[in-house]
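S.K.: This structure is in C-alpha cells; I'll ask about it shortly.
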Amino acid sequence: MPRSFSSYIVEFEPNATMHTAHHILLFGCSVVGYRERDTPRAVWDCGEMGGVGRGSQYRRAPVCSEGSHIIYAWARDAPKLTLPEGVGFKVGGRDSGINYLLLQVHYANVDKFIAGETDNSGIILTVVPGISSRVTKRAGVLLLGTDGRIPAHKEEHMETECMIQDQIEIHPFAFRTHTHQLGKLVAGYVVKPNGQWLLIGKHDPLKPQMFYPVQNNLTILQGDIVAARCTMKNFRDVDTEVGPTGNDEMCNFYLMYYVEGDRILGKEDCFSPGPPIYRWHWDSHLGSIPNSIDKDASTSE
C-alpha cells in the first residue's frame, strides 16, 4: 500500500463462486507473514488448511507477522458490499497500521488444480484517496468466534462474548455470520451494563454469507458486551470439532462498525473455548440470561 498518504476502501465486489471458493478473507497487515530479503512473497502456506506440513511446496508463515486486521469476509455467493456514505476502511499511509493487503482463499475443492487448471477468485476493491476524500468515518471489524465440539446427533449452542475495553463509541452498521454445514442460526447481541440485551442481528448461515444491515440503531460503549451464539445441529454419526476444513465446523459472528474520527478498537477479535467448556450461563460477565433472549437466540425470524 502507498506509505505517503492513506486511502479508504469503500466497496468490496466478490469475483468468486461458492462452487470453487468455500470462503475468502481479506486481511490488512502492518508486516506480512513471510518476507524474503525484506520483499514479501506473493504466495505462501499460512497454515490454515488441510495438508499443511505434508509436503507443501510453499514456505510456511502466518498471514501477518505484525498488526493483523480482518477487513472483509465472503462466502456462499454473497453479493458486493458498499459501505454507507462517508464510511471507509483506512489503509496505507503512516498511521493506518495497514501496509499490506492479504487475500486468503479457502477452496471448496482442489481437483481442478491437480488437473493443472488455475483460478482467479478474489475481491475487487473500490478505493478512494484520503486527501480531500468524502470519507469522514473510519470502519472496523470485530470478530467473535468459538472453539469447541458438537456431539453426534445433538443440537449444541456455541457461545462467546467480548467486553469492550476501549474508551470509544462505535456504531455497528452490518453483521455477517459464518459456520460450515451444521449451522442453523447465528445471533449477535449487545449487552448493556444494566443487563439489557439488544439484538444486533441473526441469520441462517447456510444462506449467502454477506454483511447484512444491523436490525437496530445501536451505539456500543466502553463496558458493553457483544455476545454471539451459533445454534448447531450435528446430523453426523461422529462428533464434529471446530477446525479449518469443510469436515470441521466454525462459529463466527462479524460485526462491522464505524467510528467518528480515527481510532478503532484495539482488540479486534474474541474467542471462547466453546462447548463443553464455555457457555453463556456460566459467564459471570453476562449475569442471568433472560429466558426470552435464550429462546430468541436460537429462533429464526
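For the C-alpha cells, the naming scheme is as follows: chains receive sequential letters (A, B, ...) according to their order of presentation, residues are indexed from 1 within each chain, and ligands are indexed from 1 in presentation order.
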Got a sec to tell me which of region 140-249 of chain A DSSP assigns to strand (DSSP E or B), as a PyMOL selection string?
M.R.: chain A and resi 140-146+149-150+155-163+170-178+183-191+197-203+212-213+220+225-233+240-242+249
S.K.: Name the residues in contact with Arg279 (chain A) at a cut-off of 9 Å, using only C-alpha atoms, excluding same-chain residues fewer than 4 positions from it; report them as a PyMOL selection string.
M.R.: chain A and resi 157-160+272-275+283
S.K.: Between A:Gln222, A:Thr118, A:Gln215, A:Asn234, single out the one closest to Leu265 (chain A), counting only C-alpha atoms.
M.R.: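 Closest to Leu265 (chain A) of all the choices is A:Gln222.
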S.K.: Which residues, written as a ChimeraX atom specification, have at least one atom at most 10 Å from Asp237 (chain A), with only C-alpha atoms counted and residues fewer than 6 positions away on the same chain left out?
M.R.: /A:151-154
S.K.: Rank A:Phe175, A:Trp74, A:Phe5, A:Phe211 by their smallest atom-to-atom distance to Arg94 (chain A), using only C-alpha atoms, and report the top residue only.
M.R.: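 When distances to Arg94 (chain A) are compared using only C-alpha atoms, the smallest one comes from A:Phe5.
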S.K.: Counting only C-alpha atoms, which of A:Arg60, A:His171, A:His19, A:Lys90 gets nearest to Ile131 (chain A)?
M.R.: A:Lys90
S.K.: Which residues are near region 199-208 of chain A? Cut-off 7 Å, only C-alpha atoms, ignore same chain within fewer than 4 positions. Put them as JSON, numbers by chain.
M.R.: {"A": [75, 76, 77, 78, 175, 177, 178, 179, 183, 184, 185, 186, 187, 188, 189, 190, 214, 215, 216]}
S.K.: Can you pull out every residue within 12 Å of Asn194 (chain A), counting only C-alpha atoms, but drop anything in the same chain fewer than 4 positions away, and send it as a list in words?
M.R.: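 My list of contacting residues is Val190, Leu198, Gly223, Asp224, Ile225, His285, Leu286, Gly287 and Ser288 of chain A.
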S.K.: Could you write out the selected residues, including all heavy atoms, as an mmCIF file, in the first residue's frame?
M.R.:
```
data_model
loop_
_atom_site.group_PDB
_atom_site.id
_atom_site.type_symbol
_atom_site.label_atom_id
_atom_site.label_comp_id
_atom_site.auth_asym_id
_atom_site.auth_seq_id
_atom_site.Cartn_x
_atom_site.Cartn_y
_atom_site.Cartn_z
ATOM 1 N N VAL A 190 -25.859 -6.893 21.793
ATOM 2 C CA VAL A 190 -25.132 -6.003 22.684
ATOM 3 C C VAL A 190 -25.769 -6.140 24.060
ATOM 4 O O VAL A 190 -26.997 -6.045 24.198
ATOM 5 C CB VAL A 190 -25.201 -4.534 22.224
ATOM 6 C CG1 VAL A 190 -24.476 -3.636 23.219
ATOM 7 C CG2 VAL A 190 -24.605 -4.376 20.850
ATOM 8 N N LEU A 198 -29.724 -6.238 23.527
ATOM 9 C CA LEU A 198 -30.228 -5.607 22.316
ATOM 10 C C LEU A 198 -29.727 -6.394 21.102
ATOM 11 O O LEU A 198 -28.523 -6.645 20.968
ATOM 12 C CB LEU A 198 -29.749 -4.156 22.227
ATOM 13 C CG LEU A 198 -30.145 -3.243 23.397
ATOM 14 C CD1 LEU A 198 -29.444 -1.888 23.270
ATOM 15 C CD2 LEU A 198 -31.651 -3.063 23.453
ATOM 16 N N GLY A 223 -17.393 -0.909 28.308
ATOM 17 C CA GLY A 223 -18.130 -1.637 29.324
ATOM 18 C C GLY A 223 -19.283 -2.455 28.793
ATOM 19 O O GLY A 223 -19.794 -3.348 29.487
ATOM 20 N N ASP A 224 -19.743 -2.162 27.554
ATOM 21 C CA ASP A 224 -20.755 -3.004 26.920
ATOM 22 C C ASP A 224 -20.135 -4.334 26.506
ATOM 23 O O ASP A 224 -18.907 -4.442 26.317
ATOM 24 C CB ASP A 224 -21.336 -2.320 25.683
ATOM 25 C CG ASP A 224 -22.207 -1.114 26.014
ATOM 26 O OD1 ASP A 224 -22.549 -0.936 27.205
ATOM 27 O OD2 ASP A 224 -22.538 -0.363 25.083
ATOM 28 N N ILE A 225 -20.977 -5.339 26.339
ATOM 29 C CA ILE A 225 -20.530 -6.665 25.918
ATOM 30 C C ILE A 225 -21.211 -7.029 24.607
ATOM 31 O O ILE A 225 -22.421 -6.821 24.450
ATOM 32 C CB ILE A 225 -20.851 -7.729 26.987
ATOM 33 C CG1 ILE A 225 -20.062 -7.450 28.275
ATOM 34 C CG2 ILE A 225 -20.549 -9.135 26.471
ATOM 35 C CD1 ILE A 225 -20.456 -8.341 29.434
ATOM 36 N N HIS A 285 -19.681 -12.325 33.564
ATOM 37 C CA HIS A 285 -19.846 -11.022 32.918
ATOM 38 C C HIS A 285 -21.285 -10.811 32.432
ATOM 39 O O HIS A 285 -21.784 -9.684 32.413
ATOM 40 C CB HIS A 285 -18.902 -10.892 31.711
ATOM 41 C CG HIS A 285 -17.468 -10.801 32.074
ATOM 42 N ND1 HIS A 285 -16.456 -11.213 31.229
ATOM 43 C CD2 HIS A 285 -16.852 -10.361 33.198
ATOM 44 C CE1 HIS A 285 -15.293 -11.030 31.806
ATOM 45 N NE2 HIS A 285 -15.511 -10.512 33.004
ATOM 46 N N LEU A 286 -21.937 -11.887 32.043
ATOM 47 C CA LEU A 286 -23.259 -11.780 31.446
ATOM 48 C C LEU A 286 -24.386 -11.818 32.472
ATOM 49 O O LEU A 286 -25.507 -11.423 32.178
ATOM 50 C CB LEU A 286 -23.460 -12.899 30.411
ATOM 51 C CG LEU A 286 -22.542 -12.832 29.187
ATOM 52 C CD1 LEU A 286 -22.728 -14.076 28.323
ATOM 53 C CD2 LEU A 286 -22.813 -11.581 28.375
ATOM 54 N N GLY A 287 -24.088 -12.324 33.659
ATOM 55 C CA GLY A 287 -25.125 -12.403 34.678
ATOM 56 C C GLY A 287 -26.204 -13.401 34.288
ATOM 57 O O GLY A 287 -25.971 -14.378 33.573
ATOM 58 N N SER A 288 -27.424 -13.125 34.716
ATOM 59 C CA SER A 288 -28.547 -14.002 34.420
ATOM 60 C C SER A 288 -29.053 -13.736 33.002
ATOM 61 O O SER A 288 -29.371 -12.597 32.653
ATOM 62 C CB SER A 288 -29.668 -13.779 35.434
ATOM 63 O OG SER A 288 -30.793 -14.584 35.133
#
```
S.K.: Between A:Gly246, A:Pro14, A:Gly97, A:Pro290, which has the minimum distance to Ser121 (chain A) (counting only C-alpha atoms)?
M.R.: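 Between A:Gly246, A:Pro14, A:Gly97, A:Pro290, the residue approaching Ser121 (chain A) most closely is A:Pro14.
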S.K.: Taking into account only C-alpha atoms, which residue in the set A:Asp45, A:Tyr34, A:Leu83, A:Ala73 is nearest to Glu11 (chain A)?
M.R.: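 Among the listed residues, the smallest separation from Glu11 (chain A) belongs to A:Leu83.
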S.K.: With only C-alpha atoms as the counted atoms, please give the residues lying no more than 12 Å from Ala42 (chain A), apart from itself and same-chain residues fewer than 6 positions off, as number ranges by chain.
M.R.: A: 32-36, 58-59, 63, 100-104
S.K.: Which residue out of A:Leu25, A:Val91, A:Ile71, A:Leu218 has the minimum interatomic distance to Pro129 (chain A) when only C-alpha atoms are used?
M.R.: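 Result for the nearest residue to Pro129 (chain A): A:Val91.
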S.K.: List the spatial neighbours of region 295-298 of chain A as a JSON list (two decimals) with C-alpha atoms, in the first residue's frame - criterion: any atom at most 6 Å away, only C-alpha atoms, same-chain residues fewer than 2 positions off excluded.
M.R.:
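The result, written out as around_13.json:
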```
[["chain", "number", "residue", "atom", "x", "y", "z"],
["A", 187, "ALA", "CA", -27.30, -14.43, 16.54],
["A", 231, "THR", "CA", -27.04, -22.95, 17.07],
["A", 292, "SER", "CA", -36.70, -14.51, 26.25],
["A", 293, "ILE", "CA", -33.12, -13.99, 24.98]]
```
S.K.: Can you list, as a ChimeraX atom specification, all residues belonging to region 30-272 of chain A that DSSP tags as alpha helix (DSSP H)?
M.R.: /A:111-114
